[in-house]
$ cat structure_34.cif   # mmCIF, C-alpha atoms
data_entry
#
loop_
_atom_site.group_PDB
_atom_site.id
_atom_site.type_symbol
_atom_site.label_atom_id
_atom_site.label_comp_id
_atom_site.auth_asym_id
_atom_site.auth_seq_id
_atom_site.Cartn_x
_atom_site.Cartn_y
_atom_site.Cartn_z
ATOM 1 C CA MET A 1 -65.102 132.822 -79.253
ATOM 2 C CA HIS A 2 -62.270 130.455 -78.475
ATOM 3 C CA GLY A 3 -63.117 127.156 -76.892
ATOM 4 C CA SER A 4 -60.078 126.106 -74.958
ATOM 5 C CA VAL A 5 -56.859 127.521 -73.613
ATOM 6 C CA ASP A 6 -54.950 125.491 -76.200
ATOM 7 C CA GLU A 7 -56.768 127.182 -79.042
ATOM 8 C CA VAL A 8 -56.105 130.626 -77.583
ATOM 9 C CA CYS A 9 -52.445 129.751 -77.033
ATOM 10 C CA ALA A 10 -52.104 128.504 -80.623
ATOM 11 C CA ALA A 11 -53.613 131.762 -81.906
ATOM 12 C CA LEU A 12 -51.329 133.746 -79.591
ATOM 13 C CA ASP A 13 -48.305 131.892 -80.979
ATOM 14 C CA LYS A 14 -49.430 132.526 -84.530
ATOM 15 C CA PHE A 15 -49.901 136.272 -84.025
ATOM 16 C CA THR A 16 -46.719 136.617 -81.979
ATOM 17 C CA LEU A 17 -44.721 135.073 -84.812
ATOM 18 C CA ARG A 18 -46.511 137.256 -87.345
ATOM 19 C CA SER A 19 -45.759 140.329 -85.298
ATOM 20 C CA LEU A 20 -42.048 139.415 -85.171
ATOM 21 C CA GLU A 21 -42.055 138.893 -88.920
ATOM 22 C CA LEU A 22 -43.741 142.264 -89.428
ATOM 23 C CA MET A 23 -41.207 144.017 -87.211
ATOM 24 C CA GLU A 24 -38.391 142.536 -89.258
ATOM 25 C CA GLU A 25 -40.123 143.535 -92.471
ATOM 26 C CA LYS A 26 -40.651 147.099 -91.193
ATOM 27 C CA VAL A 27 -36.963 147.457 -90.335
ATOM 28 C CA SER A 28 -35.826 146.062 -93.687
ATOM 29 C CA VAL A 29 -38.154 148.318 -95.716
ATOM 30 C CA THR A 30 -37.063 151.366 -93.708
ATOM 31 C CA LEU A 31 -33.408 150.465 -94.251
ATOM 32 C CA GLN A 32 -34.135 150.124 -97.957
ATOM 33 C CA MET A 33 -35.699 153.597 -97.807
ATOM 34 C CA GLU A 34 -32.641 154.883 -95.964
ATOM 35 C CA GLU A 35 -30.349 153.617 -98.690
ATOM 36 C CA ILE A 36 -32.379 155.268 -101.471
ATOM 37 C CA LEU A 37 -32.679 158.501 -99.444
ATOM 38 C CA ARG A 38 -28.934 158.557 -98.870
ATOM 39 C CA ASP A 39 -28.357 158.326 -102.625
ATOM 40 C CA GLY A 40 -30.930 161.074 -103.116
ATOM 41 C CA HIS A 41 -29.171 163.363 -100.649
ATOM 42 C CA ILE A 42 -25.816 162.743 -102.338
ATOM 43 C CA GLU A 43 -27.278 163.542 -105.769
ATOM 44 C CA LEU A 44 -28.849 166.687 -104.307
ATOM 45 C CA ALA A 45 -25.494 167.720 -102.840
ATOM 46 C CA LYS A 46 -23.773 167.104 -106.179
ATOM 47 C CA SER A 47 -26.302 169.288 -107.990
ATOM 48 C CA ARG A 48 -25.764 171.998 -105.361
ATOM 49 C CA TYR A 49 -22.061 171.797 -106.062
ATOM 50 C CA ILE A 50 -22.718 172.302 -109.774
ATOM 51 C CA ARG A 51 -25.426 174.984 -109.518
ATOM 52 C CA GLY A 52 -24.296 176.782 -106.372
ATOM 53 C CA MET A 53 -25.489 176.533 -102.791
ATOM 54 C CA GLU A 54 -28.254 179.120 -103.103
ATOM 55 C CA ASN A 55 -29.791 177.718 -106.259
ATOM 56 C CA ILE A 56 -31.185 174.492 -104.859
ATOM 57 C CA GLY A 57 -33.178 174.939 -101.704
ATOM 58 C CA MET A 58 -36.530 175.931 -100.250
ATOM 59 C CA LEU A 59 -36.197 179.408 -101.786
ATOM 60 C CA GLN A 60 -36.906 177.963 -105.239
ATOM 61 C CA VAL A 61 -40.113 176.296 -104.074
ATOM 62 C CA PRO A 62 -43.230 178.341 -104.913
ATOM 63 C CA THR A 63 -45.284 179.505 -101.963
ATOM 64 C CA GLU A 64 -48.579 180.380 -103.600
ATOM 65 C CA ALA A 65 -51.569 178.082 -103.601
ATOM 66 C CA GLY A 66 -52.358 176.605 -106.994
ATOM 67 C CA GLN A 67 -48.794 176.930 -108.183
ATOM 68 C CA PHE A 68 -47.990 173.340 -107.493
ATOM 69 C CA GLU A 69 -49.912 170.172 -107.047
ATOM 70 C CA SER A 70 -48.873 166.784 -105.832
ATOM 71 C CA LEU A 71 -47.761 164.237 -108.416
ATOM 72 C CA PHE A 72 -48.598 161.494 -105.947
ATOM 73 C CA LYS A 73 -51.940 160.414 -104.641
ATOM 74 C CA VAL A 74 -52.490 157.879 -101.915
ATOM 75 C CA GLN A 75 -55.377 155.516 -102.538
ATOM 76 C CA THR A 76 -56.562 153.893 -99.345
ATOM 77 C CA GLU A 77 -58.766 150.846 -99.497
ATOM 78 C CA LEU A 78 -60.007 148.555 -96.780
ATOM 79 C CA ASP A 79 -59.136 144.892 -97.196
ATOM 80 C CA GLU A 80 -61.381 141.983 -96.133
ATOM 81 C CA GLU A 81 -60.369 142.441 -92.482
ATOM 82 C CA SER A 82 -61.050 146.203 -92.665
ATOM 83 C CA ILE A 83 -57.351 146.989 -92.454
ATOM 84 C CA PRO A 84 -56.493 150.055 -94.538
ATOM 85 C CA GLN A 85 -54.167 149.335 -97.443
ATOM 86 C CA PHE A 86 -52.266 152.234 -98.968
ATOM 87 C CA ASP A 87 -51.275 152.535 -102.568
ATOM 88 C CA VAL A 88 -49.236 155.458 -103.855
ATOM 89 C CA ILE A 89 -50.135 156.380 -107.414
ATOM 90 C CA ASN A 90 -48.010 158.577 -109.612
ATOM 91 C CA ARG A 91 -50.127 160.864 -111.756
ATOM 92 C CA LYS A 92 -49.388 163.355 -114.473
ATOM 93 C CA HIS A 93 -52.734 165.149 -114.639
ATOM 94 C CA ASN A 94 -54.720 166.837 -111.910
ATOM 95 C CA ASP A 95 -58.403 166.240 -111.182
ATOM 96 C CA GLU A 96 -59.403 168.683 -113.908
ATOM 97 C CA GLY A 97 -57.312 166.854 -116.474
ATOM 98 C CA LYS A 98 -54.625 169.534 -116.680
ATOM 99 C CA GLU A 99 -51.024 168.459 -116.847
ATOM 100 C CA ILE A 100 -49.130 169.045 -113.592
ATOM 101 C CA PRO A 101 -45.820 170.838 -114.254
ATOM 102 C CA ASP A 102 -42.678 168.923 -113.313
ATOM 103 C CA PRO A 103 -41.262 170.366 -110.055
ATOM 104 C CA ILE A 104 -37.747 170.127 -111.500
ATOM 105 C CA LYS A 105 -38.599 173.261 -113.532
ATOM 106 C CA TRP A 106 -38.477 175.373 -110.358
ATOM 107 C CA PHE A 107 -34.732 174.937 -110.452
ATOM 108 C CA GLY A 108 -34.227 176.107 -114.014
ATOM 109 C CA VAL A 109 -34.504 174.760 -117.528
ATOM 110 C CA LEU A 110 -31.154 173.076 -117.993
ATOM 111 C CA VAL A 111 -30.750 171.284 -114.700
ATOM 112 C CA PRO A 112 -27.857 168.934 -113.974
ATOM 113 C CA GLN A 113 -28.442 165.220 -114.443
ATOM 114 C CA ASN A 114 -27.766 164.758 -110.729
ATOM 115 C CA LEU A 115 -30.901 166.700 -109.878
ATOM 116 C CA ARG A 116 -32.938 164.373 -112.083
ATOM 117 C CA ASN A 117 -31.371 161.395 -110.327
ATOM 118 C CA ALA A 118 -32.176 162.939 -106.937
ATOM 119 C CA GLN A 119 -35.784 163.413 -108.065
ATOM 120 C CA LYS A 120 -36.004 159.737 -109.057
ATOM 121 C CA ARG A 121 -34.625 158.616 -105.682
ATOM 122 C CA PHE A 122 -37.110 160.698 -103.699
ATOM 123 C CA GLN A 123 -39.950 159.502 -105.908
ATOM 124 C CA ALA A 124 -38.893 155.904 -105.259
ATOM 125 C CA THR A 125 -38.970 156.623 -101.514
ATOM 126 C CA ALA A 126 -42.479 158.050 -101.812
ATOM 127 C CA GLN A 127 -43.569 154.874 -103.611
ATOM 128 C CA LEU A 128 -41.944 152.727 -100.932
ATOM 129 C CA SER A 129 -43.749 154.619 -98.173
ATOM 130 C CA SER A 130 -47.019 152.875 -99.068
ATOM 131 C CA LYS A 131 -45.378 149.504 -98.392
ATOM 132 C CA CYS A 132 -44.099 150.801 -95.064
ATOM 133 C CA GLY A 133 -47.548 152.201 -94.236
ATOM 134 C CA ASN A 134 -49.170 148.850 -94.972
ATOM 135 C CA ILE A 135 -46.758 147.082 -92.626
ATOM 136 C CA ARG A 136 -47.524 149.668 -89.940
ATOM 137 C CA THR A 137 -51.282 149.108 -90.181
ATOM 138 C CA GLU A 138 -50.748 145.350 -90.028
ATOM 139 C CA ILE A 139 -48.553 145.722 -86.925
ATOM 140 C CA ILE A 140 -51.312 147.794 -85.288
ATOM 141 C CA SER A 141 -53.997 145.221 -86.085
ATOM 142 C CA THR A 142 -51.792 142.293 -84.954
ATOM 143 C CA THR A 143 -51.019 144.104 -81.695
ATOM 144 C CA GLU A 144 -54.731 144.644 -81.097
ATOM 145 C CA LYS A 145 -55.455 140.971 -81.790
ATOM 146 C CA LEU A 146 -52.693 139.929 -79.394
ATOM 147 C CA ASN A 147 -54.104 142.159 -76.663
ATOM 148 C CA GLU A 148 -57.553 140.726 -77.188
ATOM 149 C CA LEU A 149 -56.258 137.134 -77.074
ATOM 150 C CA LYS A 150 -54.295 137.835 -73.898
ATOM 151 C CA ARG A 151 -57.463 139.151 -72.287
ATOM 152 C CA ILE A 152 -59.404 136.042 -73.353
ATOM 153 C CA LYS A 153 -56.637 133.794 -72.016
ATOM 154 C CA LYS A 154 -56.707 135.573 -68.677
ATOM 155 C CA ASN A 155 -60.488 135.156 -68.460
ATOM 156 C CA ILE A 156 -60.279 131.435 -69.274
ATOM 157 C CA SER A 157 -57.525 130.702 -66.770
ATOM 158 C CA LYS A 158 -59.383 132.474 -63.951
ATOM 159 C CA MET B 1 -44.890 155.455 -126.783
ATOM 160 C CA ALA B 2 -45.377 158.527 -124.613
ATOM 161 C CA LYS B 3 -49.038 158.601 -125.546
ATOM 162 C CA VAL B 4 -49.510 154.982 -124.537
ATOM 163 C CA LYS B 5 -47.875 155.714 -121.202
ATOM 164 C CA GLU B 6 -50.119 158.706 -120.699
ATOM 165 C CA ALA B 7 -53.209 156.654 -121.488
ATOM 166 C CA MET B 8 -52.056 153.966 -119.045
ATOM 167 C CA HIS B 9 -51.657 156.583 -116.333
ATOM 168 C CA ARG B 10 -55.123 157.944 -116.975
ATOM 169 C CA LEU B 11 -56.584 154.458 -116.927
ATOM 170 C CA GLN B 12 -54.800 153.748 -113.655
ATOM 171 C CA GLU B 13 -56.129 156.987 -112.234
ATOM 172 C CA ASN B 14 -59.667 156.331 -113.334
ATOM 173 C CA THR B 15 -59.847 152.748 -112.114
ATOM 174 C CA GLY B 16 -58.072 153.564 -108.881
ATOM 175 C CA ALA B 17 -60.440 156.425 -108.295
ATOM 176 C CA GLY B 18 -63.408 154.097 -108.060
ATOM 177 C CA LEU B 19 -63.339 154.089 -104.285
ATOM 178 C CA ASP B 20 -61.974 157.485 -103.547
ATOM 179 C CA ARG B 21 -61.999 159.692 -106.560
ATOM 180 C CA LYS B 22 -59.680 162.346 -105.265
ATOM 181 C CA GLY B 23 -56.960 160.343 -103.541
ATOM 182 C CA LYS B 24 -55.057 161.607 -100.551
ATOM 183 C CA LEU B 25 -51.712 163.281 -99.988
ATOM 184 C CA LEU B 26 -48.384 162.448 -98.460
ATOM 185 C CA ALA B 27 -47.128 164.992 -95.920
ATOM 186 C CA VAL B 28 -43.505 165.679 -94.983
ATOM 187 C CA ILE B 29 -42.024 167.092 -91.785
ATOM 188 C CA GLY B 30 -38.265 167.293 -91.844
ATOM 189 C CA ASP B 31 -35.069 169.201 -92.397
ATOM 190 C CA GLU B 32 -34.608 171.388 -95.455
ATOM 191 C CA ASP B 33 -32.904 168.715 -97.559
ATOM 192 C CA THR B 34 -35.573 166.129 -96.900
ATOM 193 C CA CYS B 35 -38.312 168.617 -97.764
ATOM 194 C CA VAL B 36 -36.562 169.910 -100.887
ATOM 195 C CA GLY B 37 -35.999 166.319 -102.008
ATOM 196 C CA PHE B 38 -39.585 165.227 -101.563
ATOM 197 C CA LEU B 39 -40.965 168.438 -103.053
ATOM 198 C CA LEU B 40 -38.654 167.929 -106.027
ATOM 199 C CA GLY B 41 -40.094 164.438 -106.246
ATOM 200 C CA GLY B 42 -43.536 166.015 -106.511
ATOM 201 C CA VAL B 43 -45.050 165.291 -103.121
ATOM 202 C CA GLY B 44 -45.851 168.889 -102.177
ATOM 203 C CA GLU B 45 -49.159 170.665 -102.518
ATOM 204 C CA ILE B 46 -50.651 173.871 -101.165
ATOM 205 C CA ASN B 47 -54.399 173.623 -100.876
ATOM 206 C CA LYS B 48 -57.000 176.290 -101.447
ATOM 207 C CA ASN B 49 -56.778 177.386 -97.811
ATOM 208 C CA ARG B 50 -53.068 178.081 -98.393
ATOM 209 C CA GLN B 51 -52.076 175.203 -96.144
ATOM 210 C CA PRO B 52 -48.984 173.331 -97.323
ATOM 211 C CA ASN B 53 -48.522 169.598 -96.690
ATOM 212 C CA PHE B 54 -44.910 170.029 -95.630
ATOM 213 C CA MET B 55 -42.933 171.667 -92.873
ATOM 214 C CA VAL B 56 -39.269 172.565 -92.824
ATOM 215 C CA VAL B 57 -37.682 172.121 -89.424
ATOM 216 C CA ASP B 58 -34.417 173.904 -88.681
ATOM 217 C CA LYS B 59 -32.531 174.489 -85.474
ATOM 218 C CA ASN B 60 -34.620 177.565 -84.683
ATOM 219 C CA THR B 61 -37.995 175.847 -85.015
ATOM 220 C CA ALA B 62 -39.859 175.620 -81.730
ATOM 221 C CA VAL B 63 -41.011 172.189 -80.564
ATOM 222 C CA GLY B 64 -44.523 173.575 -80.033
ATOM 223 C CA GLU B 65 -44.657 174.616 -83.663
ATOM 224 C CA ILE B 66 -43.725 171.099 -84.848
ATOM 225 C CA GLU B 67 -46.298 169.658 -82.485
ATOM 226 C CA ASP B 68 -49.041 171.950 -83.812
ATOM 227 C CA THR B 69 -48.209 171.154 -87.431
ATOM 228 C CA PHE B 70 -48.159 167.423 -86.734
ATOM 229 C CA LYS B 71 -51.530 167.606 -84.986
ATOM 230 C CA ARG B 72 -52.940 169.656 -87.844
ATOM 231 C CA PHE B 73 -51.715 167.092 -90.398
ATOM 232 C CA ILE B 74 -53.365 164.303 -88.408
ATOM 233 C CA LYS B 75 -56.663 166.179 -88.327
ATOM 234 C CA ARG B 76 -56.612 166.981 -92.045
ATOM 235 C CA ASP B 77 -58.703 164.475 -93.934
ATOM 236 C CA ASP B 78 -56.755 164.841 -97.166
ATOM 237 C CA ILE B 79 -53.530 163.404 -95.711
ATOM 238 C CA ASP B 80 -53.055 159.644 -95.423
ATOM 239 C CA ILE B 81 -49.303 159.240 -94.973
ATOM 240 C CA ILE B 82 -47.046 161.497 -92.885
ATOM 241 C CA LEU B 83 -43.308 161.151 -93.386
ATOM 242 C CA ILE B 84 -41.304 162.571 -90.514
ATOM 243 C CA ASN B 85 -37.566 162.630 -89.900
ATOM 244 C CA GLN B 86 -36.719 160.432 -86.947
ATOM 245 C CA ASN B 87 -34.732 163.169 -85.196
ATOM 246 C CA VAL B 88 -37.749 165.490 -85.496
ATOM 247 C CA ALA B 89 -40.021 162.684 -84.298
ATOM 248 C CA GLU B 90 -37.801 162.377 -81.223
ATOM 249 C CA MET B 91 -38.655 165.990 -80.293
ATOM 250 C CA ILE B 92 -42.392 165.286 -80.264
ATOM 251 C CA ARG B 93 -42.228 161.624 -79.252
ATOM 252 C CA HIS B 94 -45.139 161.845 -76.807
ATOM 253 C CA VAL B 95 -47.474 163.163 -79.529
ATOM 254 C CA ILE B 96 -46.376 160.467 -81.979
ATOM 255 C CA ASP B 97 -46.774 157.741 -79.355
ATOM 256 C CA SER B 98 -50.307 158.910 -78.657
ATOM 257 C CA HIS B 99 -51.279 158.601 -82.318
ATOM 258 C CA THR B 100 -52.389 154.981 -82.556
ATOM 259 C CA GLN B 101 -54.817 155.177 -85.468
ATOM 260 C CA PRO B 102 -53.900 153.309 -88.654
ATOM 261 C CA VAL B 103 -54.810 156.362 -90.799
ATOM 262 C CA PRO B 104 -52.973 158.651 -91.288
ATOM 263 C CA SER B 105 -49.907 156.466 -91.236
ATOM 264 C CA VAL B 106 -46.962 158.120 -89.487
ATOM 265 C CA LEU B 107 -43.655 156.860 -90.860
ATOM 266 C CA GLU B 108 -40.315 157.725 -89.345
ATOM 267 C CA ILE B 109 -37.632 158.161 -91.969
ATOM 268 C CA PRO B 110 -33.911 158.723 -91.497
ATOM 269 C CA SER B 111 -32.454 162.145 -92.252
ATOM 270 C CA LYS B 112 -29.157 163.124 -93.817
ATOM 271 C CA ASP B 113 -27.268 163.181 -90.555
ATOM 272 C CA HIS B 114 -29.330 160.863 -88.370
ATOM 273 C CA PRO B 115 -29.407 157.231 -89.467
ATOM 274 C CA TYR B 116 -32.482 155.138 -88.762
ATOM 275 C CA ASP B 117 -32.652 153.678 -85.277
ATOM 276 C CA ALA B 118 -35.249 150.922 -85.038
ATOM 277 C CA SER B 119 -35.236 151.023 -81.226
ATOM 278 C CA LYS B 120 -36.656 154.575 -81.312
ATOM 279 C CA ASP B 121 -39.429 153.911 -83.839
ATOM 280 C CA SER B 122 -42.816 154.364 -82.120
ATOM 281 C CA ILE B 123 -44.570 151.535 -83.916
ATOM 282 C CA LEU B 124 -41.782 149.037 -83.289
ATOM 283 C CA ARG B 125 -41.608 150.023 -79.622
ATOM 284 C CA ARG B 126 -45.339 149.451 -79.419
ATOM 285 C CA ALA B 127 -45.079 146.029 -81.050
ATOM 286 C CA ARG B 128 -42.158 145.129 -78.812
ATOM 287 C CA GLY B 129 -44.187 146.112 -75.773
ATOM 288 C CA MET B 130 -46.259 142.995 -76.481
ATOM 289 C CA PHE B 131 -43.394 140.805 -75.362
ATOM 290 C CA ASN B 132 -43.381 141.579 -71.676
ATOM 291 C CA PRO B 133 -41.494 138.978 -69.618
ATOM 292 C CA GLU B 134 -44.415 138.771 -67.172
ATOM 293 C CA ASP B 135 -46.770 137.715 -69.966
ATOM 294 C CA ILE B 136 -44.740 134.647 -70.822
ATOM 295 C CA HIS B 137 -45.914 131.741 -68.726
#

$ encode --input "structure_34.cif" --output "structure tokens"
Amino acid sequence: MHGSVDEVCAALDKFTLRSLELMEEKVSVTLQMEEILRDGHIELAKSRYIRGMENIGMLQVPTEAGQFESLFKVQTELDEESIPQFDVINRKHNDEGKEIPDPIKWFGVLVPQNLRNAQKRFQATAQLSSKCGNIRTEIISTTEKLNELKRIKKNISK
Amino acid sequence: MAKVKEAMHRLQENTGAGLDRKGKLLAVIGDEDTCVGFLLGGVGEINKNRQPNFMVVDKNTAVGEIEDTFKRFIKRDDIDIILINQNVAEMIRHVIDSHTQPVPSVLEIPSKDHPYDASKDSILRRARGMFNPEDIH
């Protein structure tokens, strides 16, 4: 596959650098997520303060099947190197074409603005997760390539 | 304007559905606030077998239970991204470390009271493992 040690070493360098770049990217995207999530949690806490502790929690979430459907769908496609690429799509209608009710309605009709803000923050995080997922898959594939190259290098230098 | 937006969404759905018509789900494992937040965002779904795509972890939740749910989410073919609080991930670190497949993607997210620690993240630890001192000649 690779002719000389130099070629293997050059490829190793290239993938090592790429892997460092990806690690940095992963940390920065996660920190970005952290910031948005923190805002979301604060908005959620503010709406709890307005509506009362018991009125915003898991107790308001329906538990029956068919009562709620996801507003997000993950589309996964393979790129030219067969690495899965995620894309989070926001939808308003389910597969049958029916409109999916807004989850904010579980918490009442006249909800505080803070709850709407919290919803936006968490939705932004869900969108960002596809970016994070793509970085993760690239890290995995780069790591595999590095392992393979190291093995080749060992075989050549024997 | 709203109608145009709606049409755009439908178009996006239809074109995006070319490869996989149904699309997959995001799953959440975390504390109550994280789950409530993401469910409010519209991530949650309970399928026809009454299986939710989320799990609330509190101080009374057994580690085995988290482990089972995580394994179940990995096996489910309708889940492509799993979001898990990093402090919860710490409890089942060995299971997360053993999941090396690109799909479903397991992402560690910070929780309200545990900020993100990159040195604990499974995927970053794995990538860092590539830089062993003995490999550098």

$ resolve_selection --input "structure_34.cif" --expression "the PyMOL selection byres ((chain A) within 6 of (chain B))" --output "list in words"
Ala65, Phe68, Glu69, Ser70, Leu71, Phe72, Lys73, Val74, Gln75, Pro103, Ile104, Gln119, Phe122, Gln123, Gly133 and Thr137 of chain A

$ resolve_selection --input "structure_34.cif" --expression "the PyMOL selection byres ((chain A and resi 6-9) around 12)" --output "ChimeraX atom specification"
/A:1-5,10-16,145-157 /B:136-137

$ atom_distance --input "structure_34.cif" --atom1 "atom CA of Asn60 of chain B" --atom2 "atom CA of Pro62 of chain A"
22.0 Å

$ resolve_selection --input "structure_34.cif" --expression "the PyMOL selection byres ((chain B and resi 29) around 7)" --output "list in words"
Ala27, Val28, Gly30, Phe54, Met55, Val56, Leu83, Ile84 and Asn85 of chain B

$ residues_around --input "structure_34.cif" --residues "Arg93 of chain B" --least-positions-apart "3" --cutoff "10 Å" --atoms "only C-alpha atoms" --output "PDB file with C-alpha atoms, in the coordinates of the input"
ATOM      1  CA  GLU B  67     -46.298 169.658 -82.485  1.00  0.00           C
ATOM      2  CA  GLN B  86     -36.719 160.432 -86.947  1.00  0.00           C
ATOM      3  CA  ASN B  87     -34.732 163.169 -85.196  1.00  0.00           C
ATOM      4  CA  VAL B  88     -37.749 165.490 -85.496  1.00  0.00           C
ATOM      5  CA  ALA B  89     -40.021 162.684 -84.298  1.00  0.00           C
ATOM      6  CA  GLU B  90     -37.801 162.377 -81.223  1.00  0.00           C
ATOM      7  CA  ILE B  96     -46.376 160.467 -81.979  1.00  0.00           C
ATOM      8  CA  ASP B  97     -46.774 157.741 -79.355  1.00  0.00           C
ATOM      9  CA  SER B  98     -50.307 158.910 -78.657  1.00  0.00           C
ATOM     10  CA  LYS B 120     -36.656 154.575 -81.312  1.00  0.00           C
ATOM     11  CA  ASP B 121     -39.429 153.911 -83.839  1.00  0.00           C
ATOM     12  CA  SER B 122     -42.816 154.364 -82.120  1.00  0.00           C
TER      13      SER B 122
END

$ residues_around --input "structure_34.cif" --residues "segment 46-51 of chain A" --least-positions-apart "5" --cutoff "7 Å" --atoms "only C-alpha atoms" --output "list in words"
Ile56, Pro112, Asn114 and Leu115 of chain A

$ atom_distance --input "structure_34.cif" --atom1 "atom CA of Ala118 of chain A" --atom2 "atom CA of His41 of chain A"
7.0 Å

$ atom_distance --input "structure_34.cif" --atom1 "atom CA of Lys59 of chain B" --atom2 "atom CA of Asp31 of chain B"
9.1 Å

$ closest_residue --input "structure_34.cif" --among "B:His114, B:Lys71, B:Val63, B:Val57" --to "Arg38 of chain A" --atoms "all atoms listed in the file"
B:His114

$ residues_near_point --input "structure_34.cif" --point "(-35.5, 179.3, -111.5)" --cutoff "12 Å" --atoms "all atoms listed in the file" --output "number ranges by chain"
A: 51, 54-62, 103-111
